[in-house]
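Engineer: Take this structure first; my questions come after.
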Amino acid sequence: MRFLFAGSCLLSFALGVPIHAQQLDPNHTMPLTRLRGGGHTVLPHSGMQANEDIGIRPHTNFKIFVPAGRDPHGFAETEVHANGAAAATASPISGYYAETPASLSCLYGLAAATSYCNPATLSNSNDAGGGSRAIAIIDAYDYPTAASDLKAYSSKFGLPAPTSSNFTVTWAGSKPSPDPDCANISGWECWATESAVDIEMAHAAAPHAHIYLVEAASNTFTDLFAAIAKAVTLVRAAGGGEVSMSWGGSEWSAESSEDWRFNQSKVVMFAATGDVEGTEYPAVSPNVVAVGGTTVTRSPYTLDFEQETTWEDGGGGVSLYEPLPSYQNHLASELPGRGIPDVAADSNPRTGVWIFDSYENTYGGMLLPWNIIGGTSVATPLWAGVVNHGGSFSLSSAAELSLIYNTAASNMYSRDYRDITYGTCGYYDGWYAQKGWDPCTGYGSSVGQAGK
């Protein structure tokens, strides 16, 4: 397998890691982290998987980035208003930077690429008329502040406000209870944050699509599958669109018996490949578009975009149980089974995105609704929004996958996709990026709305 194993050719890979969540030193033009050390990432409780969960209960796929000197509980609401100019800046928290809807739209070809897609200088407005029909988000448990949080996020970044005509929270069966871990552990460590990431990323990429948050009764596959059935009905009724599933779990031998759930007319399914090395379900299903992760590297002097590379922790590889699908036949000499991801987008928490989630996020008497989030939970709804924004509305996941792979085989690939050719991923960093498809980033990220 020429692209699967780096062997003795492992890249030393001393990346110019972007400095996000940064503070501008008033005496220099170079942005500096508030404290040396760069910060660390936190795996939330909802993202953990026990052996007994396999095939029964999936986990979330987001991680929290905590800048050096910060508390993992988030940025205090008082910080947002401490500086009178803070509300007018591109960043929700004065002095810190992460990706915004404007910088993501610039990076992924939804808006004109200006100012090197710099989140510190781009306008907050992303209301360019993109998006239509429907995007359904599948998550577990109730997220009580979904509408108000999306409203606050949209207000900050110049997106259309959620109303009853463009945002709906619904469920399969009875209304579920909130995830008990939100109150018992932390509002940032539960399924409410997964829902916040999903709806905010989808809205950022396709601000005029109707977003449905379909809440499952629990985080079991059984309940999440019931929510998928409800989502399919809603998307079809809207004339077609996308379904985003940012959760997943380790593969199991009988998983292929569930693949039919993702083969639905007028609906394109997206699934996250995960935030650890290896493969997970449902991303390995041949009936979904599997979305992996990248790292967005930026200049430490200006925050200008430099390049996109692999994310070492992004899920990917070859399925243990799913056979090679027809759209990957050209990779048959190198893939013994279904290979993932198909595409990718920013997921590294160190190059993460701003997320607003107020549910159970108070600490020491302060509201802390802003945080910096990464993971393939960012990339998956973002890709669903990119495809929605493109407006082609494939008639099924199979049709969308054929479009992706056919574009990759054509001379339009370099126009429509950013081929990521630098970096490693997988167990022991044993896989590496290369020209064309690879198990780190698939065919790469978007640079335009065509070929989607």
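Residue numbering restarts at 1 for every chain of the structure tokens, chains are lettered A, B, ... in their displayed order, and ligands are numbered from 1 as they appear.
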Using DSSP on the backbone, list every residue of segment 292-438 of chain A that comes out as strand (DSSP E or B), and give them as a compact mmCIF listing (two decimals) with N, CA, C and O atoms, in the first residue's frame.
Structural biologist:
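The result, written out as part.txt:
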```txt
# COMPACT_ATOMS: atom_id res chain seq x y z
N GLY A 292 -12.97 13.80 7.38
CA GLY A 292 -11.81 13.78 8.27
C GLY A 292 -11.35 15.17 8.65
O GLY A 292 -12.01 16.17 8.37
N GLY A 293 -10.18 15.23 9.29
CA GLY A 293 -9.72 16.49 9.85
C GLY A 293 -8.42 16.99 9.25
O GLY A 293 -7.58 16.21 8.78
N THR A 294 -8.24 18.31 9.31
CA THR A 294 -7.01 18.97 8.87
C THR A 294 -6.53 19.94 9.94
O THR A 294 -7.22 20.21 10.93
N THR A 295 -5.37 20.51 9.68
CA THR A 295 -4.80 21.60 10.47
C THR A 295 -4.67 22.82 9.57
O THR A 295 -4.14 22.71 8.46
N VAL A 296 -5.15 23.96 10.02
CA VAL A 296 -5.01 25.20 9.27
C VAL A 296 -3.80 25.95 9.82
O VAL A 296 -3.82 26.43 10.96
N THR A 297 -2.74 26.03 9.04
CA THR A 297 -1.53 26.71 9.53
C THR A 297 -1.57 28.18 9.15
O THR A 297 -1.97 28.55 8.04
N ARG A 298 -1.17 29.02 10.09
CA ARG A 298 -1.20 30.47 9.90
C ARG A 298 0.14 31.09 10.31
O ARG A 298 0.86 30.54 11.14
N PHE A 305 -3.33 33.04 6.42
CA PHE A 305 -3.36 31.63 6.06
C PHE A 305 -2.10 31.26 5.28
O PHE A 305 -1.69 31.97 4.37
N GLU A 306 -1.48 30.12 5.65
CA GLU A 306 -0.31 29.63 4.95
C GLU A 306 -0.62 28.37 4.15
O GLU A 306 -0.42 28.32 2.94
N GLN A 307 -1.12 27.34 4.82
CA GLN A 307 -1.47 26.11 4.12
C GLN A 307 -2.33 25.24 5.03
O GLN A 307 -2.49 25.54 6.22
N GLU A 308 -2.88 24.19 4.46
CA GLU A 308 -3.62 23.20 5.23
C GLU A 308 -2.82 21.91 5.21
O GLU A 308 -2.34 21.49 4.15
N THR A 309 -2.66 21.30 6.37
CA THR A 309 -1.91 20.06 6.50
C THR A 309 -2.77 19.02 7.20
O THR A 309 -3.92 19.28 7.54
N THR A 310 -2.23 17.85 7.43
CA THR A 310 -2.99 16.81 8.13
C THR A 310 -3.18 17.20 9.59
O THR A 310 -2.49 18.07 10.13
N GLY A 316 -9.11 7.83 10.35
CA GLY A 316 -8.97 7.46 8.95
C GLY A 316 -8.33 6.09 8.83
O GLY A 316 -7.82 5.54 9.80
N GLY A 317 -8.39 5.53 7.64
CA GLY A 317 -7.81 4.22 7.41
C GLY A 317 -8.71 3.34 6.58
O GLY A 317 -9.48 3.82 5.75
N VAL A 318 -8.64 2.04 6.82
CA VAL A 318 -9.39 1.04 6.06
C VAL A 318 -10.31 0.29 7.00
O VAL A 318 -9.89 -0.18 8.07
N GLY A 339 -12.14 2.71 2.36
CA GLY A 339 -11.16 3.63 2.90
C GLY A 339 -11.80 4.95 3.28
O GLY A 339 -12.68 5.45 2.57
N ILE A 340 -11.40 5.51 4.40
CA ILE A 340 -11.90 6.82 4.84
C ILE A 340 -10.72 7.67 5.29
O ILE A 340 -9.67 7.13 5.67
N VAL A 343 -13.30 13.29 2.32
CA VAL A 343 -12.92 14.70 2.30
C VAL A 343 -12.54 15.11 3.71
O VAL A 343 -12.65 14.31 4.65
N ALA A 344 -12.12 16.36 3.89
CA ALA A 344 -11.69 16.80 5.21
C ALA A 344 -11.82 18.32 5.34
O ALA A 344 -12.01 19.02 4.34
N ALA A 345 -11.71 18.80 6.57
CA ALA A 345 -11.71 20.23 6.85
C ALA A 345 -11.10 20.45 8.23
O ALA A 345 -10.82 19.49 8.97
N ASP A 346 -10.92 21.71 8.60
CA ASP A 346 -10.27 22.08 9.86
C ASP A 346 -10.87 21.33 11.05
O ASP A 346 -12.08 21.37 11.27
N VAL A 353 -12.32 26.54 16.18
CA VAL A 353 -13.34 27.54 15.86
C VAL A 353 -13.98 28.05 17.15
O VAL A 353 -14.00 27.37 18.17
N TRP A 354 -14.52 29.26 17.07
CA TRP A 354 -15.30 29.79 18.18
C TRP A 354 -16.68 29.12 18.21
O TRP A 354 -17.34 28.99 17.18
N ILE A 355 -17.10 28.72 19.40
CA ILE A 355 -18.43 28.13 19.60
C ILE A 355 -19.09 28.79 20.81
O ILE A 355 -18.44 29.03 21.84
N PHE A 356 -20.38 29.07 20.68
CA PHE A 356 -21.16 29.66 21.76
C PHE A 356 -22.12 28.60 22.30
O PHE A 356 -22.94 28.05 21.57
N THR A 362 -21.71 27.88 33.50
CA THR A 362 -21.37 28.91 34.47
C THR A 362 -20.30 28.36 35.40
O THR A 362 -20.25 27.16 35.66
N TYR A 363 -19.47 29.25 35.86
CA TYR A 363 -18.39 28.82 36.75
C TYR A 363 -18.04 29.98 37.66
O TYR A 363 -17.79 31.09 37.18
N MET A 366 -20.08 33.11 37.07
CA MET A 366 -19.99 33.79 35.77
C MET A 366 -20.49 32.89 34.66
O MET A 366 -20.31 31.67 34.69
N LEU A 367 -21.10 33.52 33.65
CA LEU A 367 -21.48 32.80 32.45
C LEU A 367 -20.27 32.69 31.54
O LEU A 367 -19.58 33.68 31.29
N TRP A 370 -18.47 31.08 25.63
CA TRP A 370 -17.57 30.99 24.47
C TRP A 370 -16.42 30.04 24.76
O TRP A 370 -15.86 30.05 25.85
N ASN A 371 -16.09 29.23 23.75
CA ASN A 371 -14.91 28.38 23.88
C ASN A 371 -14.37 28.08 22.49
O ASN A 371 -15.03 28.35 21.49
N ILE A 372 -13.16 27.54 22.44
CA ILE A 372 -12.52 27.17 21.18
C ILE A 372 -12.58 25.65 21.05
O ILE A 372 -12.10 24.93 21.91
N ILE A 373 -13.20 25.20 19.96
CA ILE A 373 -13.50 23.79 19.79
C ILE A 373 -12.89 23.28 18.49
O ILE A 373 -12.83 23.97 17.48
N GLY A 374 -12.42 22.03 18.53
CA GLY A 374 -11.94 21.35 17.35
C GLY A 374 -12.54 19.97 17.27
O GLY A 374 -13.45 19.61 18.02
N SER A 396 -28.68 11.44 -3.68
CA SER A 396 -28.37 10.44 -2.66
C SER A 396 -26.92 10.58 -2.25
O SER A 396 -26.14 11.29 -2.90
N TYR A 417 -10.89 21.44 -5.16
CA TYR A 417 -10.43 20.85 -3.91
C TYR A 417 -9.01 21.32 -3.59
O TYR A 417 -8.21 21.57 -4.49
N ARG A 418 -8.71 21.40 -2.30
CA ARG A 418 -7.35 21.66 -1.86
C ARG A 418 -6.72 20.32 -1.49
O ARG A 418 -7.02 19.74 -0.44
N THR A 424 1.40 13.75 8.58
CA THR A 424 1.20 12.33 8.90
C THR A 424 -0.05 12.16 9.74
O THR A 424 -0.61 13.12 10.28
N CYS A 425 -0.47 10.93 9.88
CA CYS A 425 -1.62 10.60 10.72
C CYS A 425 -1.59 9.11 11.01
O CYS A 425 -0.69 8.40 10.55
N TRP A 431 0.89 6.76 8.56
CA TRP A 431 0.35 7.12 7.25
C TRP A 431 0.73 8.56 6.97
O TRP A 431 0.91 9.36 7.88
N TYR A 432 0.82 8.88 5.71
CA TYR A 432 1.21 10.25 5.38
C TYR A 432 0.39 10.76 4.20
O TYR A 432 -0.15 10.00 3.40
N ASP A 438 -5.68 9.94 0.26
CA ASP A 438 -4.87 9.30 1.28
C ASP A 438 -5.72 9.13 2.54
O ASP A 438 -6.76 9.78 2.69
```
Engineer: So which residues touch Val378 of chain A within 7 Å, counting only C-alpha atoms, skipping near sequence neighbours fewer than 4 positions away, as a PyMOL selection string?
Structural biologist: chain A and resi 197-198+201+347+374+382
Engineer: Can you tell me, as a PyMOL selection string, which residues in segment 122-340 of chain A count as helix (DSSP H, G or I) by DSSP?
Structural biologist: chain A and resi 146-157+180-184+191-205+221-237+255-262+326-331
Engineer: List as a PDB file with N, CA and C atoms, in the first residue's frame the protein and nucleic acid residues near segment 404-411 of chain A, meaning an atom at most 10 Å away when only C-alpha atoms are counted, but skip any in the same chain fewer than 2 places from it.
Structural biologist:
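Output (selection_10.pdb):
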```
ATOM      1  N   VAL A 289     -20.774  10.179   3.268  1.00  0.00           N
ATOM      2  CA  VAL A 289     -19.550  10.915   2.958  1.00  0.00           C
ATOM      3  C   VAL A 289     -18.776  11.044   4.265  1.00  0.00           C
ATOM      4  N   TYR A 327     -17.145   3.269  -5.965  1.00  0.00           N
ATOM      5  CA  TYR A 327     -16.517   4.554  -6.268  1.00  0.00           C
ATOM      6  C   TYR A 327     -15.049   4.597  -5.871  1.00  0.00           C
ATOM      7  N   GLN A 328     -14.569   3.578  -5.135  1.00  0.00           N
ATOM      8  CA  GLN A 328     -13.146   3.489  -4.795  1.00  0.00           C
ATOM      9  C   GLN A 328     -12.438   2.364  -5.552  1.00  0.00           C
ATOM     10  N   HIS A 330     -10.850   2.360  -8.228  1.00  0.00           N
ATOM     11  CA  HIS A 330      -9.545   2.745  -8.757  1.00  0.00           C
ATOM     12  C   HIS A 330      -8.440   2.640  -7.706  1.00  0.00           C
ATOM     13  N   ASP A 342     -13.303  10.589   2.943  1.00  0.00           N
ATOM     14  CA  ASP A 342     -13.482  10.992   1.552  1.00  0.00           C
ATOM     15  C   ASP A 342     -13.000  12.427   1.356  1.00  0.00           C
ATOM     16  N   VAL A 343     -13.300  13.291   2.324  1.00  0.00           N
ATOM     17  CA  VAL A 343     -12.922  14.705   2.297  1.00  0.00           C
ATOM     18  C   VAL A 343     -12.537  15.105   3.712  1.00  0.00           C
ATOM     19  N   ALA A 398     -24.831   8.187  -2.539  1.00  0.00           N
ATOM     20  CA  ALA A 398     -24.090   7.526  -3.620  1.00  0.00           C
ATOM     21  C   ALA A 398     -23.792   8.507  -4.744  1.00  0.00           C
ATOM     22  N   ALA A 399     -24.766   9.331  -5.088  1.00  0.00           N
ATOM     23  CA  ALA A 399     -24.568  10.308  -6.153  1.00  0.00           C
ATOM     24  C   ALA A 399     -23.532  11.346  -5.744  1.00  0.00           C
ATOM     25  N   GLU A 400     -23.555  11.770  -4.479  1.00  0.00           N
ATOM     26  CA  GLU A 400     -22.585  12.756  -4.002  1.00  0.00           C
ATOM     27  C   GLU A 400     -21.178  12.171  -3.988  1.00  0.00           C
ATOM     28  N   LEU A 401     -21.045  10.932  -3.542  1.00  0.00           N
ATOM     29  CA  LEU A 401     -19.739  10.284  -3.514  1.00  0.00           C
ATOM     30  C   LEU A 401     -19.192  10.096  -4.926  1.00  0.00           C
ATOM     31  N   SER A 402     -20.053   9.745  -5.859  1.00  0.00           N
ATOM     32  CA  SER A 402     -19.619   9.619  -7.255  1.00  0.00           C
ATOM     33  C   SER A 402     -19.133  10.959  -7.786  1.00  0.00           C
ATOM     34  N   TYR A 413     -10.051  18.943 -10.449  1.00  0.00           N
ATOM     35  CA  TYR A 413      -9.755  18.646  -9.053  1.00  0.00           C
ATOM     36  C   TYR A 413      -9.040  19.801  -8.366  1.00  0.00           C
ATOM     37  N   SER A 414      -7.996  20.324  -8.986  1.00  0.00           N
ATOM     38  CA  SER A 414      -7.225  21.399  -8.353  1.00  0.00           C
ATOM     39  C   SER A 414      -8.025  22.685  -8.237  1.00  0.00           C
ATOM     40  N   ARG A 415      -9.066  22.839  -9.045  1.00  0.00           N
ATOM     41  CA  ARG A 415      -9.910  24.028  -8.962  1.00  0.00           C
ATOM     42  C   ARG A 415     -10.910  23.927  -7.825  1.00  0.00           C
ATOM     43  N   ASP A 416     -11.409  22.731  -7.564  1.00  0.00           N
ATOM     44  CA  ASP A 416     -12.514  22.537  -6.625  1.00  0.00           C
ATOM     45  C   ASP A 416     -12.091  22.021  -5.252  1.00  0.00           C
ATOM     46  N   TYR A 417     -10.893  21.444  -5.164  1.00  0.00           N
ATOM     47  CA  TYR A 417     -10.426  20.848  -3.911  1.00  0.00           C
ATOM     48  C   TYR A 417      -9.008  21.316  -3.591  1.00  0.00           C
ATOM     49  N   ASP A 419      -5.868  19.821  -2.357  1.00  0.00           N
ATOM     50  CA  ASP A 419      -5.206  18.543  -2.126  1.00  0.00           C
ATOM     51  C   ASP A 419      -4.157  18.725  -1.034  1.00  0.00           C
ATOM     52  N   GLY A 436      -3.498  13.304  -4.307  1.00  0.00           N
ATOM     53  CA  GLY A 436      -4.669  12.464  -4.483  1.00  0.00           C
ATOM     54  C   GLY A 436      -5.202  11.956  -3.152  1.00  0.00           C
ATOM     55  N   TRP A 437      -5.893  10.823  -3.208  1.00  0.00           N
ATOM     56  CA  TRP A 437      -6.514  10.293  -1.987  1.00  0.00           C
ATOM     57  C   TRP A 437      -5.472   9.714  -1.040  1.00  0.00           C
ATOM     58  N   TYR A 443      -9.599  13.202  -0.228  1.00  0.00           N
ATOM     59  CA  TYR A 443      -9.244  14.067  -1.346  1.00  0.00           C
ATOM     60  C   TYR A 443      -9.044  15.520  -0.927  1.00  0.00           C
ATOM     61  N   GLY A 444      -9.071  15.782   0.363  1.00  0.00           N
ATOM     62  CA  GLY A 444      -8.751  17.119   0.831  1.00  0.00           C
ATOM     63  C   GLY A 444      -9.967  17.959   1.169  1.00  0.00           C
ATOM     64  N   ALA A 450     -18.041  24.300  -6.737  1.00  0.00           N
ATOM     65  CA  ALA A 450     -18.227  23.325  -7.803  1.00  0.00           C
ATOM     66  C   ALA A 450     -17.667  21.967  -7.384  1.00  0.00           C
ATOM     67  N   GLY A 451     -18.124  20.920  -8.040  1.00  0.00           N
ATOM     68  CA  GLY A 451     -17.616  19.584  -7.762  1.00  0.00           C
ATOM     69  C   GLY A 451     -18.023  19.044  -6.420  1.00  0.00           C
ATOM     70  N   LYS A 452     -19.106  19.601  -5.851  1.00  0.00           N
ATOM     71  CA  LYS A 452     -19.577  19.165  -4.541  1.00  0.00           C
ATOM     72  C   LYS A 452     -20.987  18.568  -4.648  1.00  0.00           C
TER      73      LYS A 452
END
```
Engineer: Counting only C-alpha atoms, which residues of segment 253-362 of chain A sit at most 9 Å from some atom of segment 66-78 of chain A, and what is each one's closest atom pair with its distance in Å to one decimal, listed by chain and rising residue number, as JSON lines?
Structural biologist:
```
{"residue": "A:Pro349", "atom": "CA", "partner": "A:Val66", "partner_atom": "CA", "distance": 8.9}
{"residue": "A:Arg350", "atom": "CA", "partner": "A:Val66", "partner_atom": "CA", "distance": 8.6}
{"residue": "A:Asn361", "atom": "CA", "partner": "A:His73", "partner_atom": "CA", "distance": 7.3}
{"residue": "A:Thr362", "atom": "CA", "partner": "A:His73", "partner_atom": "CA", "distance": 8.0}
```
Engineer: Write the selection just made, keeping N, CA, C and O atoms, as an mmCIF file, in the first residue's frame?
Structural biologist:
```cif
data_model
loop_
_atom_site.group_PDB
_atom_site.id
_atom_site.type_symbol
_atom_site.label_atom_id
_atom_site.label_comp_id
_atom_site.auth_asym_id
_atom_site.auth_seq_id
_atom_site.Cartn_x
_atom_site.Cartn_y
_atom_site.Cartn_z
ATOM 1 N N PRO A 349 -7.910 21.031 17.273
ATOM 2 C CA PRO A 349 -8.367 21.994 18.286
ATOM 3 C C PRO A 349 -7.451 23.209 18.408
ATOM 4 O O PRO A 349 -7.915 24.302 18.752
ATOM 5 N N ARG A 350 -6.176 23.051 18.128
ATOM 6 C CA ARG A 350 -5.247 24.165 18.203
ATOM 7 C C ARG A 350 -5.465 25.161 17.073
ATOM 8 O O ARG A 350 -4.936 26.276 17.121
ATOM 9 N N ASN A 361 -23.119 26.322 31.448
ATOM 10 C CA ASN A 361 -21.740 26.792 31.377
ATOM 11 C C ASN A 361 -21.547 28.049 32.218
ATOM 12 O O ASN A 361 -21.284 29.134 31.721
ATOM 13 N N THR A 362 -21.708 27.876 33.498
ATOM 14 C CA THR A 362 -21.372 28.915 34.471
ATOM 15 C C THR A 362 -20.304 28.357 35.400
ATOM 16 O O THR A 362 -20.247 27.156 35.664
#
```
